[in-house]
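**Q** Supplied in structure tokens, the structure appears directly below.
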Amino acid sequence: MKTLQTDRSSDLSQPVATLHSNEQLKHGSNYLRGTIAIGLKNSLTGAVPGDDPLLMKFHGIYQQDNRDTRFERAQRKLEPAFQFMVRLRIPGGILTKTQWQGLDKIAAEFSERGLRITTRQTIQLHGIRKRQLQSCMRAIREIGLDTIAACGDDSRGVVCGANPALSEVHRKVAALAKETSQRLIPKTRAYPEIWYGEDAGNSRENEDPAYGPLYLPRKFKVGYAIPPNNDIDVYGQDLGLIAVLKGRELVGFNVCVGGGMGQLDTREDSYPRLAEEVGFVEADEAPMLAEIVMGIQRDFGDRKDRHRARFKYTLDRLGNAWFLQTLAERWGKPLEPARATARFTHNNDMPGWQRGDNGLWHGTLYIESGRIQGALQDQLMGFLQHYSGDIRLTPNQNLQLTNIEPYHLEQVQWRLDDLSLGDRLLPDSQAAHTLSCVALPTCGLAMAEAERYLPRFLGLFNRLKAIHGLQEQPMTLRITGCPNGCARPYLAEIALTGRAPGLYNLYLGGSYHGDRLNRPYASNVNEERILELLDPLFEQYANERRPGEKFGDFLVNAHLLDKTSAEQNIISFSQ
Ligand code: SRM
Ligand code: SF4
């Protein structure tokens, strides 16, 4: 693979001492080593010391504590119940059956809460203790997986949409996603040295050429989408690539840049942003383009203000014209104009069995909030014993059974029914259009419940819809425990983002296929008030919508979200 010789001017142009403290930490970490290896050996505490938790993120590991027990432990003068979340890197969410079986074993041995499918098509294991971390990482390696750069200021897991009906294109795009992931992952030897105990020899001067010693100013997310399904929410990616087809042949991708969800309620200059379409790239060139775009963000992203460090802010600061010119200079040619491509029609997973153009079958099992533990974990393992297809994790936190031979399909359905999994074959229900982030008790940033609150809220939400005869009208609904947006709430027709225990900001009016941001409608509202606010809107929608008009579109078309109607509910979004 050709490695680009790109210019890391910003690394050199600003004295490190003037940059954000995280930059100084990365710089002094000897390519992400820090003192992690020493901290792991200290058995007096369940935590790792000093700044090592920040460095461990680059290795795919988060230090957390169980927030449910924080208060009680503090009263007993005990340190918090420290534990670690391990996030795997699984480009495109593609796994073999054997890998799933291996993951199940790893979860049983090390994780406190089973397996968690994430909104970026990978698996998180929660509740791992420090003394077990190394064994866990080695077990992950044994099944051919790793956790490199699943978190941290680097290129995160590359997501890749599924469109089973177009199996051949689907396969090619998934291969490109994998190649992109390989190209963009950090190459530091710190990872095998710390986790596998490999002798890395002497650390080299320029150990991570594509990154340099400062890595990126912030995380960088790449995703490939295959219309008409926008399951990855391509407009929420730093770099989104939309497949362009000629007949059933993949010719390339329309390139979108600058998407992102995260915002802080306390900073007016932070906001979610849609990625904008800026051109077209030939299919085979997409991974290299990703490396160049990442290099531009590496060199020009804000390294002083972390809250303004994402690529979306770099683009807003310097402009698209500047970006396209810089890209052309580094690539040696300009981007071609974007091409006509099929439209997106939805961003949920496809319900029922789907037959690919190669004759193989695919079906998605609904997994509430992506959490697989207890009886469900056992049922899935039972099912897999006699299953010969593959597995794919979806960006909607579901589990797809893929590449099933036609002769095997009937038996697969029979086994699913036998193990009480048949009902999970994705129904076209409200649940299948709903996402929630992890939030409490593990997420250190959560201000309210999300995953644990979802079943209750969904029940109430469904009841309200039924009162208005809307039970057959799916609406995209997303709940997060804080404004960071891990379930991509600002792209949903309806979203709740946590502000405090039991209180949420309510956003309305995203599009059904995720190409329009929703708008703030009410702040700091509790469950009762949320339902009270939705009630008249549902009634109006039920009575006045045009045929086929989606809820988010209706709210916008009927001007129900115009400032004057919404502002009365908004006490202050910047409180
Ligand atoms: Fe996220 C931070 C969970 C997808 C935006 N996210 C976190 C942390 C690690 C909290 C922390 O920093 O301490 C959460 C760990 C919770 C836990 O206990 O497991 C967390 N994010 C998740 C996951 C597991 C949500 C889920 O329910 O599936 C998703 C894992 C993805 C993966 O496999 O890599 C997850 N996070 C996202 C997405 C969606 C996406 O990428 O498609 C976003 C919005 C897109 C974006 O990046 O703009 C997202 N997470 C954030 C942010 C805000 C970033 C920003 O630009 O401001 C944070 C906070 C931060 O980085 O400072 C965050
Ligand atoms: Fe945690 Fe907030 Fe992300 Fe939810 S949205 S997982 S609460 S950081």
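Letters for chains follow the order of the structure tokens (A, B, ...), residue numbers begin at 1 for each chain, and ligand numbers begin at 1 in the order shown.
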Quick one: residues within 12 Å of Ser21 of chain A, only C-alpha atoms, excluding same-chain residues fewer than 5 positions away - as a list in words?

**A** Val16, Lys26, His27, Gly28, Asp51, Leu54, Leu214, Pro217, Arg303, Lys304, Asp305 and Arg306 of chain A

**Q** Which residues form the shell of 6 Å around ligand 1 when you count only C-alpha atoms and all ligand atoms, given as number ranges by chain?

**A** A: 118-122, 150, 157, 236, 260-263, 310, 436-439, 442-445, 484-488

**Q** Based on DSSP run over this structure's backbone, return all residues of segment 241-409 of chain A in alpha helix (DSSP H), as an NGL selection string.

**A** :A and (286-300 or 311-318 or 320-331 or 374-384 or 406-409)

**Q** Looking at A:Gln132, A:Thr402, A:Ser29, A:Thr326, which one is nearest to Asp299 of chain A, with distances taken over only C-alpha atoms?

**A** A:Thr326

**Q** Please identify all polymer residues within 10 Å of Ala175 of chain A, counting only C-alpha atoms, omitting same-chain residues fewer than 6 positions from it, and present them as a list in words.

**A**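 So the residues in contact are Pro91, Gly92, Cys160, Val169 and Ser181 of chain A.
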
**Q** Could you pull the residues within 12 Å of Pro406 of chain A, counting only C-alpha atoms, minus those fewer than 4 positions along the same chain, as a PyMOL selection string?

**A** chain A and resi 353-356+358-362+388-389+402+410-413

**Q** Give the answer as one residue: which of A:Ile148, A:Leu40, A:Leu435, A:Val173 has the shortest atom-to-atom distance to Arg371 of chain A, using only C-alpha atoms?

**A**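 Smallest separation from Arg371 of chain A among the options: A:Leu435.
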
**Q** Expressed in Å to a single decimal, how great is the separation between atom CA of Gln373 of chain A and atom CA of His126 of chain A?

**A**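 Atom-to-atom, atom CA of Gln373 of chain A to atom CA of His126 of chain A, that is 11.4 Å.
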
**Q** May I have the residues within 7 Å of Met475 of chain A as a list in words, using only C-alpha atoms and disregarding those fewer than 6 positions away in the same chain?

**A**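 Answer for this query is Gln430, His433, Glu493 and Phe551 of chain A.
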
**Q** Could you pull out the strand (DSSP E) residues of segment 44-195 of chain A from DSSP and send them as a ChimeraX atom specification?

**A** /A:61-65,82-87,94-95,115-117,123-128,159-160

**Q** Tell me which protein, DNA and RNA residues are within 8 Å of Asp153 of chain A, counting only C-alpha atoms, leaving out same-chain ones fewer than 3 positions away, and put them as a list of chain:residue names.

**A**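 Near Asp153 of chain A, the qualifying residues are A:Phe58, A:Tyr215, A:Leu216, A:Pro217, A:Arg218, A:Lys219, A:Phe220.
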
**Q** Between A:Thr345, A:Asn42, A:Gln124, A:Gln471, which has the minimum distance to ligand 2 (counting only C-alpha atoms and all ligand atoms)?

**A** A:Gln124
